[in-house]
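Enquirer: Contents are CSV, C-alpha atoms and all ligand atoms; file name work-v8.csv:
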chain,number,residue,atom,x,y,z
A,618,MET,CA,42.7,-40.5,22.7
A,619,GLN,CA,43.6,-42.5,25.8
A,620,VAL,CA,47.2,-43.7,26.6
A,621,PHE,CA,47.6,-46.6,29.0
A,622,TYR,CA,50.7,-47.7,30.7
A,623,PRO,CA,51.8,-49.8,33.7
A,624,ALA,CA,52.9,-47.7,36.8
A,625,TYR,CA,56.5,-48.9,36.4
A,626,TYR,CA,56.7,-47.5,32.8
A,627,LYS,CA,57.8,-44.0,34.0
A,628,ASP,CA,60.2,-45.5,36.5
A,629,PHE,CA,62.5,-47.0,33.9
A,630,HIS,CA,66.1,-45.6,33.6
A,631,CYS,CA,68.8,-47.3,31.6
A,632,ILE,CA,71.5,-48.5,34.0
A,633,ALA,CA,74.1,-48.4,31.2
A,634,ALA,CA,77.5,-49.4,32.6
A,635,ASP,CA,75.9,-51.4,35.4
A,636,CYS,CA,73.7,-53.4,33.0
A,637,PRO,CA,74.6,-57.2,33.3
A,638,ASP,CA,73.6,-57.8,29.7
A,639,SER,CA,73.2,-54.7,27.5
A,640,CYS,CA,70.8,-54.3,24.6
A,641,CYS,CA,73.6,-54.1,22.0
A,642,LYS,CA,75.0,-57.5,22.9
A,643,GLU,CA,74.3,-60.3,20.4
A,644,TRP,CA,71.6,-58.3,18.6
A,645,THR,CA,71.9,-56.7,15.2
A,646,VAL,CA,70.8,-53.1,15.6
A,647,ASP,CA,68.7,-51.8,12.7
A,648,ILE,CA,69.3,-48.1,11.9
A,649,ASP,CA,66.5,-46.0,10.6
A,650,PRO,CA,67.4,-44.4,7.2
A,651,GLU,CA,67.4,-40.8,8.5
A,652,THR,CA,69.8,-41.6,11.3
A,653,ALA,CA,71.9,-43.7,9.0
A,654,GLY,CA,72.2,-40.8,6.6
A,655,TYR,CA,73.3,-38.5,9.5
A,656,TYR,CA,75.9,-41.1,10.8
A,657,LEU,CA,77.4,-41.6,7.3
A,658,SER,CA,77.8,-37.9,6.8
A,659,LEU,CA,79.6,-37.2,10.1
A,660,PRO,CA,83.2,-35.9,9.9
A,661,GLY,CA,86.2,-37.0,11.8
A,662,SER,CA,87.1,-40.2,13.6
A,663,LEU,CA,83.5,-41.0,14.7
A,664,GLY,CA,82.2,-40.7,11.2
A,665,ASP,CA,85.1,-42.8,9.8
A,666,THR,CA,84.3,-45.6,12.3
A,667,LEU,CA,80.6,-45.4,11.6
A,668,ARG,CA,81.2,-45.6,7.8
A,669,SER,CA,83.2,-48.8,8.4
A,670,VAL,CA,80.7,-50.6,10.6
A,671,ILE,CA,77.3,-49.7,9.1
A,672,THR,CA,76.0,-52.2,6.6
A,673,HIS,CA,73.4,-51.4,3.8
A,674,GLU,CA,71.6,-54.3,2.3
A,675,ASP,CA,68.3,-54.4,0.5
A,676,GLY,CA,67.7,-50.8,1.4
A,677,ALA,CA,68.1,-51.5,5.2
A,678,PHE,CA,70.9,-50.1,7.4
A,679,ALA,CA,72.3,-51.9,10.4
A,680,MET,CA,75.3,-52.1,12.6
A,681,THR,CA,77.7,-55.0,12.1
A,682,ILE,CA,78.3,-57.2,15.2
A,683,GLN,CA,81.9,-57.4,16.3
A,684,ASN,CA,83.0,-59.8,19.1
A,685,GLY,CA,79.3,-60.4,19.8
A,686,ARG,CA,78.2,-56.9,20.3
A,687,CYS,CA,77.7,-53.5,18.6
A,688,PRO,CA,81.1,-52.0,17.7
A,689,MET,CA,80.1,-48.6,19.2
A,690,TRP,CA,80.0,-50.2,22.7
A,691,GLN,CA,83.0,-49.0,24.8
A,692,GLN,CA,84.8,-50.8,27.6
A,693,ASP,CA,83.1,-48.6,30.2
A,694,GLY,CA,79.8,-50.1,29.1
A,695,LEU,CA,78.6,-46.8,27.4
A,696,CYS,CA,77.8,-46.2,23.8
A,697,ARG,CA,80.4,-44.1,21.9
A,698,ILE,CA,77.7,-42.3,19.8
A,699,GLN,CA,75.8,-41.3,23.0
A,700,ALA,CA,79.0,-40.3,24.8
A,701,GLU,CA,80.2,-38.0,21.9
A,702,LEU,CA,76.9,-36.7,20.5
A,703,GLY,CA,74.3,-37.2,23.2
A,704,HIS,CA,71.1,-39.3,23.6
A,705,ASP,CA,69.2,-37.5,20.8
A,706,ALA,CA,71.8,-38.7,18.3
A,707,LEU,CA,70.9,-42.4,18.9
A,708,CYS,CA,69.0,-44.2,16.2
A,709,GLU,CA,65.3,-44.9,16.8
A,710,THR,CA,66.0,-48.5,17.9
A,711,CYS,CA,68.4,-47.5,20.6
A,712,ARG,CA,66.5,-44.3,21.6
A,713,GLU,CA,63.3,-46.2,22.2
A,714,PHE,CA,64.5,-49.6,23.6
A,715,PRO,CA,63.2,-51.1,25.8
A,716,ARG,CA,59.9,-49.1,25.4
A,717,LEU,CA,57.0,-50.7,23.6
A,718,ARG,CA,54.2,-48.8,21.9
A,719,HIS,CA,51.1,-50.4,20.5
A,720,ASP,CA,49.0,-47.8,18.7
A,721,TYR,CA,45.4,-48.8,17.9
A,722,GLY,CA,44.4,-45.5,16.4
A,723,ASP,CA,42.1,-44.1,19.1
A,724,PHE,CA,44.1,-45.5,22.0
A,725,ILE,CA,47.7,-46.5,22.7
A,726,GLU,CA,49.2,-49.0,25.1
A,727,LEU,CA,52.8,-48.5,26.3
A,728,GLY,CA,55.1,-51.0,28.1
A,729,LEU,CA,58.6,-52.2,28.6
A,730,GLU,CA,60.4,-55.2,27.2
A,731,LEU,CA,61.3,-58.1,29.5
A,732,SER,CA,64.5,-58.6,27.5
A,733,CYS,CA,66.1,-55.6,29.3
A,734,PRO,CA,67.4,-56.5,32.7
A,735,GLU,CA,66.3,-53.3,34.4
A,736,ALA,CA,62.9,-53.4,32.7
A,737,ALA,CA,62.6,-57.1,33.8
A,738,ARG,CA,63.3,-56.1,37.4
A,739,LEU,CA,60.4,-53.5,37.3
A,740,ILE,CA,58.1,-55.9,35.4
A,741,LEU,CA,58.6,-58.8,37.8
A,742,GLU,CA,58.2,-56.7,40.9
A,743,CYS,CA,54.9,-55.3,39.8
A,744,ASP,CA,51.9,-56.8,41.6
A,745,THR,CA,48.9,-55.2,39.8
A,746,SER,CA,47.4,-55.4,36.3
A,747,ASP,CA,46.1,-51.9,36.6
A,748,LEU,CA,47.2,-49.5,33.9
A,749,ILE,CA,47.5,-45.7,34.4
A,750,CYS,CA,45.4,-43.8,31.8
A,751,ILE,CA,46.0,-40.3,30.5
A,752,SER,CA,43.9,-38.5,27.8
A,753,GLN,CA,45.2,-36.7,24.8
A,754,VAL,CA,43.1,-34.2,22.9
A,755,GLY,CA,42.6,-34.6,19.2
A,756,ASN,CA,40.6,-36.4,16.5
A,757,PHE,CA,41.8,-40.0,16.5
A,758,GLN,CA,40.1,-42.8,14.7
A,759,PRO,CA,40.2,-46.5,15.6
A,760,GLU,CA,42.2,-48.7,13.2
A,761,TYR,CA,40.4,-51.9,14.1
A,762,ASP,CA,36.9,-53.4,14.4
A,763,LYS,CA,35.4,-51.7,17.4
A,764,GLN,CA,33.2,-54.6,18.5
A,765,ASP,CA,36.0,-57.1,18.3
A,766,MET,CA,38.4,-54.8,20.2
A,767,ALA,CA,35.8,-54.2,22.9
A,768,PHE,CA,35.4,-58.0,23.3
A,769,LEU,CA,39.2,-58.5,23.6
A,770,ARG,CA,39.6,-55.7,26.1
A,771,SER,CA,36.7,-56.9,28.2
A,772,ALA,CA,37.9,-60.5,28.2
A,773,ARG,CA,41.4,-59.5,29.2
A,774,GLU,CA,40.0,-57.3,32.0
A,775,THR,CA,38.0,-60.3,33.3
A,776,PHE,CA,41.2,-62.4,33.4
A,777,PHE,CA,43.3,-59.6,35.0
A,778,SER,CA,40.6,-59.2,37.8
A,779,TYR,CA,40.9,-62.9,38.5
A,780,LEU,CA,44.8,-62.8,38.3
A,781,ASP,CA,45.1,-59.9,40.8
A,782,THR,CA,42.9,-61.5,43.4
A,783,THR,CA,43.2,-65.3,43.1
A,784,GLU,CA,45.1,-67.5,45.5
A,785,ASP,CA,45.4,-70.3,42.9
A,786,THR,CA,48.8,-71.9,42.4
A,787,PRO,CA,50.8,-70.8,39.3
A,788,ALA,CA,50.0,-74.0,37.5
A,789,GLU,CA,46.2,-73.5,38.3
A,790,ILE,CA,46.4,-70.0,36.9
A,791,LEU,CA,48.0,-71.2,33.7
A,792,ALA,CA,45.5,-74.0,33.3
A,793,THR,CA,42.6,-71.5,33.9
A,794,LEU,CA,44.2,-69.2,31.3
A,795,LEU,CA,44.4,-72.1,28.8
A,796,ASN,CA,40.7,-73.1,29.4
A,797,TYR,CA,39.6,-69.5,29.1
A,798,GLY,CA,41.6,-69.1,25.9
A,799,ILE,CA,39.9,-72.1,24.3
A,800,ALA,CA,36.5,-70.8,25.3
A,801,LEU,CA,37.2,-67.3,24.1
A,802,GLN,CA,38.6,-68.5,20.7
A,803,ARG,CA,35.4,-70.6,20.3
A,804,GLN,CA,33.3,-67.5,21.0
A,805,PHE,CA,35.4,-65.4,18.7
A,806,ASP,CA,34.9,-68.0,15.9
A,807,GLY,CA,31.1,-67.8,16.3
A,808,GLY,CA,30.5,-70.1,19.3
A,809,THR,CA,28.7,-69.6,22.6
A,810,PRO,CA,29.8,-66.8,25.0
A,811,ALA,CA,32.8,-67.7,27.1
A,812,GLN,CA,32.9,-67.6,30.9
A,813,LEU,CA,36.0,-67.6,33.2
A,814,PRO,CA,36.3,-71.3,33.8
A,815,GLU,CA,36.1,-73.1,37.2
A,816,LYS,CA,39.4,-73.9,39.0
A,817,PRO,CA,40.9,-76.9,37.1
A,818,VAL,CA,41.9,-80.1,38.8
A,819,LEU,CA,45.5,-80.8,37.9
A,820,PRO,CA,47.4,-84.1,38.1
A,821,LYS,CA,50.0,-84.6,40.9
A,822,ALA,CA,52.9,-85.1,38.5
A,823,ALA,CA,53.6,-83.6,35.1
A,824,VAL,CA,55.1,-85.1,31.9
A,825,SER,CA,58.7,-84.0,31.0
A,826,PRO,CA,59.1,-80.7,29.1
A,827,ALA,CA,61.9,-82.4,27.1
A,828,PRO,CA,59.9,-82.4,23.8
A,829,LEU,CA,59.3,-78.7,24.3
A,830,PHE,CA,63.1,-78.2,24.6
A,831,ALA,CA,63.7,-80.2,21.5
A,832,TYR,CA,61.2,-78.0,19.6
A,833,PHE,CA,62.9,-74.8,20.8
A,834,GLU,CA,66.2,-76.2,19.4
A,835,THR,CA,64.7,-76.0,16.0
A,836,LEU,CA,64.1,-72.2,16.3
A,837,GLU,CA,66.7,-69.5,15.6
A,838,ILE,CA,69.1,-69.3,18.6
A,839,LEU,CA,71.0,-66.1,19.4
A,840,THR,CA,73.1,-66.7,22.5
A,841,PRO,CA,75.4,-69.6,23.5
A,842,GLN,CA,73.8,-69.7,26.9
A,843,TRP,CA,70.3,-70.4,25.5
A,844,LYS,CA,71.7,-73.1,23.3
A,845,LYS,CA,73.4,-74.8,26.2
A,846,LEU,CA,70.3,-74.6,28.4
A,847,LEU,CA,68.2,-76.2,25.7
A,848,LYS,CA,70.8,-79.1,25.4
A,849,SER,CA,70.8,-79.7,29.2
A,850,PRO,CA,68.1,-81.9,30.7
A,851,PRO,CA,65.1,-79.8,31.7
A,852,LYS,CA,63.9,-79.7,35.3
A,853,GLN,CA,60.2,-80.5,35.8
A,854,ALA,CA,58.5,-77.1,35.3
A,855,CYS,CA,58.8,-75.3,38.6
A,856,PHE,CA,56.8,-72.2,38.3
A,857,PRO,CA,58.5,-69.2,39.9
A,858,ALA,CA,57.1,-66.9,42.5
A,859,GLN,CA,56.9,-64.2,39.8
A,860,THR,CA,54.5,-66.3,37.6
A,861,LYS,CA,51.6,-63.8,38.1
A,862,ALA,CA,53.9,-60.9,37.0
A,863,LEU,CA,55.0,-62.9,34.0
A,864,VAL,CA,51.5,-63.8,32.9
A,865,ARG,CA,50.5,-60.1,33.4
A,866,TYR,CA,53.4,-58.9,31.2
A,867,PHE,CA,52.9,-61.4,28.4
A,868,LEU,CA,49.1,-60.7,28.2
A,869,GLN,CA,49.5,-57.0,28.4
A,870,ARG,CA,52.0,-57.1,25.5
A,871,HIS,CA,50.3,-59.7,23.2
A,872,TRP,CA,46.6,-60.1,24.0
A,873,LEU,CA,45.3,-57.1,22.0
A,874,GLN,CA,47.6,-57.9,19.0
A,875,THR,CA,44.9,-60.6,18.3
A,876,ILE,CA,43.0,-57.8,16.5
A,877,SER,CA,45.5,-58.2,13.6
A,878,ASP,CA,44.8,-61.9,12.9
A,879,TYR,CA,42.1,-63.1,15.3
A,880,ASP,CA,44.4,-65.7,16.9
A,881,LEU,CA,43.8,-65.3,20.6
A,882,LEU,CA,44.4,-68.9,21.6
A,883,GLY,CA,47.8,-68.9,19.9
A,884,ARG,CA,48.8,-65.9,22.0
A,885,ILE,CA,47.5,-67.4,25.2
A,886,CYS,CA,49.4,-70.7,24.5
A,887,PHE,CA,52.5,-68.6,23.8
A,888,CYS,CA,52.1,-67.1,27.3
A,889,VAL,CA,51.8,-70.5,28.9
A,890,ILE,CA,54.7,-71.9,26.9
A,891,ALA,CA,56.8,-68.9,28.0
A,892,CYS,CA,56.1,-69.6,31.7
A,893,ILE,CA,56.8,-73.3,31.3
A,894,MET,CA,60.1,-72.7,29.6
A,895,ILE,CA,61.1,-70.0,32.1
A,896,GLY,CA,60.3,-72.4,34.9
A,897,SER,CA,62.1,-75.4,33.3
A,898,VAL,CA,65.5,-74.0,32.3
A,899,ASP,CA,68.1,-74.5,35.0
A,900,ILE,CA,68.9,-70.8,35.8
A,901,PRO,CA,67.2,-68.3,38.1
A,902,ALA,CA,63.7,-67.2,36.9
A,903,PHE,CA,64.7,-63.5,36.5
A,904,ARG,CA,67.5,-64.4,34.1
A,905,ALA,CA,65.4,-67.1,32.4
A,906,ALA,CA,62.6,-64.6,31.7
A,907,GLN,CA,65.0,-62.0,30.3
A,908,LEU,CA,66.7,-64.5,28.1
A,909,PHE,CA,63.5,-66.0,26.9
A,910,SER,CA,62.3,-62.6,25.8
A,911,LYS,CA,65.5,-61.8,24.1
A,912,GLU,CA,65.6,-65.2,22.2
A,913,ILE,CA,62.0,-65.7,21.4
A,914,GLU,CA,59.7,-62.7,22.0
A,915,ASN,CA,61.9,-60.2,20.2
A,916,ASN,CA,62.6,-62.4,17.2
A,917,THR,CA,59.6,-62.1,14.9
A,918,GLU,CA,60.3,-65.3,13.1
A,919,ASN,CA,60.6,-67.3,16.4
A,920,LEU,CA,57.4,-65.6,17.8
A,921,TYR,CA,55.3,-66.5,14.7
A,922,ALA,CA,56.8,-70.0,14.5
A,923,LEU,CA,55.4,-70.5,18.0
A,924,LEU,CA,52.0,-69.0,17.2
A,925,ASP,CA,51.7,-71.2,14.1
A,926,GLY,CA,53.1,-74.2,16.0
A,927,VAL,CA,50.2,-74.1,18.4
A,928,TYR,CA,48.2,-75.5,15.5
A,929,ASN,CA,50.7,-77.5,13.6
A,930,GLN,CA,53.1,-78.9,16.2
A,931,SER,CA,51.6,-81.4,18.6
A,932,THR,CA,54.2,-80.5,21.3
A,933,LEU,CA,52.7,-77.0,21.4
A,934,SER,CA,49.0,-77.9,21.4
A,935,PRO,CA,46.8,-76.8,24.4
A,936,GLU,CA,46.3,-80.6,25.2
A,937,GLN,CA,50.1,-81.1,25.5
A,938,LEU,CA,50.5,-77.9,27.5
A,939,PHE,CA,47.9,-79.1,30.0
A,940,GLY,CA,50.1,-82.2,30.6
A,941,LEU,CA,53.0,-79.9,31.7
A,942,LEU,CA,50.9,-78.3,34.5
A,943,TYR,CA,50.7,-80.1,37.8
A,944,GLN,CA,49.8,-79.5,41.4
B,1,LIG,S1,69.5,-53.6,28.2
B,1,LIG,FE1,68.3,-52.0,29.3
B,1,LIG,S2,69.5,-51.4,31.1
B,1,LIG,FE2,70.8,-52.6,29.7
B,1,LIG,S3,71.9,-51.1,28.5
B,1,LIG,FE3,70.0,-51.7,27.3
B,1,LIG,S4,68.4,-50.2,27.9
B,1,LIG,FE4,70.1,-50.0,29.4
I'd like the structure from this file rewritten - as structure tokens, please.
Expert:
Amino acid sequence: MQVFYPAYYKDFHCIAADCPDSCCKEWTVDIDPETAGYYLSLPGSLGDTLRSVITHEDGAFAMTIQNGRCPMWQQDGLCRIQAELGHDALCETCREFPRLRHDYGDFIELGLELSCPEAARLILECDTSDLICISQVGNFQPEYDKQDMAFLRSARETFFSYLDTTEDTPAEILATLLNYGIALQRQFDGGTPAQLPEKPVLPKAAVSPAPLFAYFETLEILTPQWKKLLKSPPKQACFPAQTKALVRYFLQRHWLQTISDYDLLGRICFCVIACIMIGSVDIPAFRAAQLFSKEIENNTENLYALLDGVYNQSTLSPEQLFGLLYQ
């Protein structure tokens, strides 16, 4: 078994009280049944508080949200459960966040979530697509079609080699990615073998991303800030200096997930849409990236609405996305 992870993965440390956002703000924290049982059985004041704030609906346990955040959050920015019982007493969600784990049976990819400000700092500072690989001994079996997975890994490797060495502009990189995605999906669906496309020629001016903003207003919205940004006039997409790092992150996280439904083009369009939105909302790119991930990437309904939307919403089609890329 091989385990792959970006170099920054091991550098992550929660900055707790210094965090400008916090993972328990605005989100409902799901609690795994084992931890919920432990919390509900605790004696004393902590147990009484937990019994009053944990909800149990349709067999699932969760924390209520009070004043926009988890009720166990304290004024000093620390979690009361962690402060009184230690890190190991946290539920699985809080213990693992912002770490990602994609287990394909005979190999695993690890990463960090862009929605955490400290993880976002590490992700956006990274300038290589190389992953560190360690081996684990044991008998592990692939949980996917080996040939299709080899195709996906090799195609992603080809794009990452280009990404790490190219001097193309961010818009050219995104257009190349879109063209490559169209060719790869065609090959995946039985067409001719895909090559990394030639550098695209882009128009000097782009169309407005306003229809994209209007579409995002139809999705579930978590924070007042995102709602306000979507209502404000978008600036013409201005791709940030960190575009390469963003593309690297979105492709590392989503590309191989294609093995579950064979929709590679949808995921590539998702990456392009994410970069356009991050470059079009009127706040610094670092905050925009973190907010986009919190609002869209970590909301399964929103993520799948976008993946489906690539095929059933003209605003999200590859043709429309090309129109938003310019020199
Ligand atoms: S969002 Fe990240 S840095 Fe902030 S409290 Fe959560 S894990 Fe720590």
Enquirer: Residues contacting ligand LIG 1 (chain B) - anything with an atom at most 6 Å away, using all atoms listed in the file - can you give me those as a list in words?
Expert: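 So the residues close to ligand LIG 1 (chain B) are Cys631, Ile632, Ala633, Cys636, Asp638, Ser639, Cys640, Phe714, Pro715, Cys733, Pro734 and Glu735 of chain A.
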Enquirer: Using only C-alpha atoms, please write the residues we just selected to a file, as a PDB file, in the coordinates of the input.
Expert:
ATOM      1  CA  CYS A 631      68.800 -47.300  31.600  1.00  0.00           C
ATOM      2  CA  ILE A 632      71.500 -48.500  34.000  1.00  0.00           C
ATOM      3  CA  ALA A 633      74.100 -48.400  31.200  1.00  0.00           C
ATOM      4  CA  CYS A 636      73.700 -53.400  33.000  1.00  0.00           C
ATOM      5  CA  ASP A 638      73.600 -57.800  29.700  1.00  0.00           C
ATOM      6  CA  SER A 639      73.200 -54.700  27.500  1.00  0.00           C
ATOM      7  CA  CYS A 640      70.800 -54.300  24.600  1.00  0.00           C
ATOM      8  CA  PHE A 714      64.500 -49.600  23.600  1.00  0.00           C
ATOM      9  CA  PRO A 715      63.200 -51.100  25.800  1.00  0.00           C
ATOM     10  CA  CYS A 733      66.100 -55.600  29.300  1.00  0.00           C
ATOM     11  CA  PRO A 734      67.400 -56.500  32.700  1.00  0.00           C
ATOM     12  CA  GLU A 735      66.300 -53.300  34.400  1.00  0.00           C
TER      13      GLU A 735
END
Enquirer: Expressed in Å to a single decimal, how great is the separation between CA of Ala634 (chain A) and CA of Leu695 (chain A)?
Expert: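 If I compute the distance from CA of Ala634 (chain A) to CA of Leu695 (chain A), I get 5.9 Å.
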Enquirer: One number please: CA of Ala858 (chain A) to CA of Thr786 (chain A), in Å, one decimal.
Expert: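 That distance, rounded to one decimal, is 9.7 Å.
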Enquirer: Near Thr835 (chain A), counting all atoms listed in the file, which residues have an atom at most 12 Å away, once you skip same-chain residues fewer than 4 positions from it, shown as a list in words?
Expert: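 Non-adjacent residues within range: Pro828, Leu829, Phe830, Ala831, Lys844, Leu847, Lys848, Ile913, Glu918, Asn919, Ala922, Leu923, Gly926 and Gln930 of chain A.
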Enquirer: So how far away is CA of Ala906 (chain A) from CA of Ala624 (chain A), in Å?
Expert: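 Separation of CA of Ala624 (chain A) and CA of Ala906 (chain A): 20.1 Å.
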Enquirer: Give me, as CSV, each residue of region 683-745 of chain A that comes within 12 Å of region 658-674 of chain A, together with its shortest interatomic pair and the distance in Å at one decimal, counting only C-alpha atoms, with rows ordered by chain and rising residue number.
Expert:
residue,atom,partner,partner_atom,distance
A:Gln683,CA,A:Val670,CA,9.0
A:Arg686,CA,A:Val670,CA,11.8
A:Cys687,CA,A:Val670,CA,9.0
A:Pro688,CA,A:Val670,CA,7.2
A:Met689,CA,A:Leu667,CA,8.3
A:Cys696,CA,A:Leu663,CA,11.9
A:Arg697,CA,A:Leu663,CA,8.4
A:Ile698,CA,A:Leu663,CA,7.8
A:Gln699,CA,A:Leu663,CA,11.3
A:Ala700,CA,A:Leu663,CA,11.1
A:Glu701,CA,A:Leu663,CA,8.5
A:Leu702,CA,A:Leu663,CA,9.8
A:Ala706,CA,A:Leu659,CA,11.4
Enquirer: I need the residues from that last selection saved to file as a CSV table (one decimal), in the frame of the given file (with C-alpha atoms), if you can.
Expert:
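The resulting file, selection-v5.csv, is shown below:
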chain,number,residue,atom,x,y,z
A,683,GLN,CA,81.9,-57.4,16.3
A,686,ARG,CA,78.2,-56.9,20.3
A,687,CYS,CA,77.7,-53.5,18.6
A,688,PRO,CA,81.1,-52.0,17.7
A,689,MET,CA,80.1,-48.6,19.2
A,696,CYS,CA,77.8,-46.2,23.8
A,697,ARG,CA,80.4,-44.1,21.9
A,698,ILE,CA,77.7,-42.3,19.8
A,699,GLN,CA,75.8,-41.3,23.0
A,700,ALA,CA,79.0,-40.3,24.8
A,701,GLU,CA,80.2,-38.0,21.9
A,702,LEU,CA,76.9,-36.7,20.5
A,706,ALA,CA,71.8,-38.7,18.3
Enquirer: When distances are computed from all atoms listed in the file, which of A:Tyr832, A:Glu742, A:Pro841, A:Leu819 shows the smallest separation from Ser931 (chain A)?
Expert: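 Under the stated criterion, the closest residue is A:Tyr832.
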Enquirer: In file coordinates, which residues lie within 7 Å of (44.1, -79.6, 38.9) using only C-alpha atoms, given as a PDB file with C-alpha atoms, in the coordinates of the input?
Expert:
ATOM      1  CA  GLU A 789      46.200 -73.500  38.300  1.00  0.00           C
ATOM      2  CA  PRO A 817      40.900 -76.900  37.100  1.00  0.00           C
ATOM      3  CA  VAL A 818      41.900 -80.100  38.800  1.00  0.00           C
ATOM      4  CA  LEU A 819      45.500 -80.800  37.900  1.00  0.00           C
ATOM      5  CA  PRO A 820      47.400 -84.100  38.100  1.00  0.00           C
ATOM      6  CA  TYR A 943      50.700 -80.100  37.800  1.00  0.00           C
ATOM      7  CA  GLN A 944      49.800 -79.500  41.400  1.00  0.00           C
TER       8      GLN A 944
END
Enquirer: Env of region 800-814 of chain A: 8 Å cut, atoms = only C-alpha atoms, seq-sep filter 4 positions within chain, self excluded. Answer as a VMD selection string.
Expert: chain A and resid 772 775 to 776 793 796 879 to 882
Enquirer: Could you check which of A:Ile790, A:Cys711, A:Ile725, A:Leu868 is closest to Ser752 (chain A), using all atoms listed in the file?
Expert: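 Closest to Ser752 (chain A), using all atoms listed in the file: A:Ile725.
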Enquirer: Is there a way to get, as a list in words, all residues within 12 Å of the point (70.9, -39.2, 9.7) in file coordinates, counting all atoms listed in the file?
Expert: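 Selection result: Ile648, Asp649, Pro650, Glu651, Thr652, Ala653, Gly654, Tyr655, Tyr656, Leu657, Ser658, Leu659, Gly664, Leu667, Phe678, Asp705, Ala706, Leu707, Cys708 and Glu709 of chain A.
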Enquirer: Write out as a Markdown table a residue-level contact list of region 861-940 of chain A versus region 755-762 of chain A with cut-off 12 Å: for each qualifying residue the closest pair of atoms and the distance in Å to one decimal, counting only C-alpha atoms, rows sorted by chain and residue number upward.
Expert:
| residue | atom | partner | partner_atom | distance |
| --- | --- | --- | --- | --- |
| A:Leu873 | CA | A:Tyr761 | CA | 10.7 |
| A:Gln874 | CA | A:Tyr761 | CA | 10.6 |
| A:Thr875 | CA | A:Tyr761 | CA | 10.7 |
| A:Ile876 | CA | A:Tyr761 | CA | 6.9 |
| A:Ser877 | CA | A:Tyr761 | CA | 8.1 |
| A:Asp878 | CA | A:Tyr761 | CA | 11.0 |
| A:Tyr879 | CA | A:Asp762 | CA | 11.0 |
Enquirer: Tell me which of A:Ala827, A:Leu739, A:Leu729, A:Val927 sits closest to Ser897 (chain A), counting only C-alpha atoms.
Expert: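 Nearest to Ser897 (chain A): A:Ala827.
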Enquirer: From the list A:Lys763, A:Leu794, A:Lys911, A:Tyr928, which residue is nearest Cys888 (chain A) when using all atoms listed in the file?
Expert: A:Leu794
Enquirer: Could you add N, CA and C atoms to region 807-819 of chain A and give me the result as a PDB file, keeping the file's coordinate frame?
Expert:
ATOM      1  N   GLY A 807      32.542 -67.651  16.551  1.00  0.00           N
ATOM      2  CA  GLY A 807      31.100 -67.800  16.300  1.00  0.00           C
ATOM      3  C   GLY A 807      30.379 -68.691  17.290  1.00  0.00           C
ATOM      4  N   GLY A 808      31.087 -69.208  18.310  1.00  0.00           N
ATOM      5  CA  GLY A 808      30.500 -70.100  19.300  1.00  0.00           C
ATOM      6  C   GLY A 808      29.772 -69.423  20.402  1.00  0.00           C
ATOM      7  N   THR A 809      29.493 -70.189  21.445  1.00  0.00           N
ATOM      8  CA  THR A 809      28.700 -69.600  22.600  1.00  0.00           C
ATOM      9  C   THR A 809      29.625 -68.713  23.423  1.00  0.00           C
ATOM     10  N   PRO A 810      29.005 -67.786  24.168  1.00  0.00           N
ATOM     11  CA  PRO A 810      29.800 -66.800  25.000  1.00  0.00           C
ATOM     12  C   PRO A 810      30.648 -67.554  26.032  1.00  0.00           C
ATOM     13  N   ALA A 811      31.875 -67.047  26.208  1.00  0.00           N
ATOM     14  CA  ALA A 811      32.800 -67.700  27.100  1.00  0.00           C
ATOM     15  C   ALA A 811      32.689 -67.118  28.535  1.00  0.00           C
ATOM     16  N   GLN A 812      32.853 -67.971  29.522  1.00  0.00           N
ATOM     17  CA  GLN A 812      32.900 -67.600  30.900  1.00  0.00           C
ATOM     18  C   GLN A 812      34.301 -67.885  31.453  1.00  0.00           C
ATOM     19  N   LEU A 813      34.722 -67.172  32.494  1.00  0.00           N
ATOM     20  CA  LEU A 813      36.000 -67.600  33.200  1.00  0.00           C
ATOM     21  C   LEU A 813      35.742 -68.952  33.767  1.00  0.00           C
ATOM     22  N   PRO A 814      36.558 -69.952  33.401  1.00  0.00           N
ATOM     23  CA  PRO A 814      36.300 -71.300  33.800  1.00  0.00           C
ATOM     24  C   PRO A 814      36.473 -71.546  35.337  1.00  0.00           C
ATOM     25  N   GLU A 815      35.898 -72.647  35.819  1.00  0.00           N
ATOM     26  CA  GLU A 815      36.100 -73.100  37.200  1.00  0.00           C
ATOM     27  C   GLU A 815      37.567 -73.452  37.405  1.00  0.00           C
ATOM     28  N   LYS A 816      37.981 -73.472  38.673  1.00  0.00           N
ATOM     29  CA  LYS A 816      39.400 -73.900  39.000  1.00  0.00           C
ATOM     30  C   LYS A 816      39.598 -75.309  38.486  1.00  0.00           C
ATOM     31  N   PRO A 817      40.662 -75.532  37.694  1.00  0.00           N
ATOM     32  CA  PRO A 817      40.900 -76.900  37.100  1.00  0.00           C
ATOM     33  C   PRO A 817      41.469 -77.828  38.175  1.00  0.00           C
ATOM     34  N   VAL A 818      41.219 -79.122  37.984  1.00  0.00           N
ATOM     35  CA  VAL A 818      41.900 -80.100  38.800  1.00  0.00           C
ATOM     36  C   VAL A 818      43.066 -80.646  38.058  1.00  0.00           C
ATOM     37  N   LEU A 819      44.242 -80.488  38.644  1.00  0.00           N
ATOM     38  CA  LEU A 819      45.500 -80.800  37.900  1.00  0.00           C
ATOM     39  C   LEU A 819      46.053 -82.151  38.477  1.00  0.00           C
TER      40      LEU A 819
END
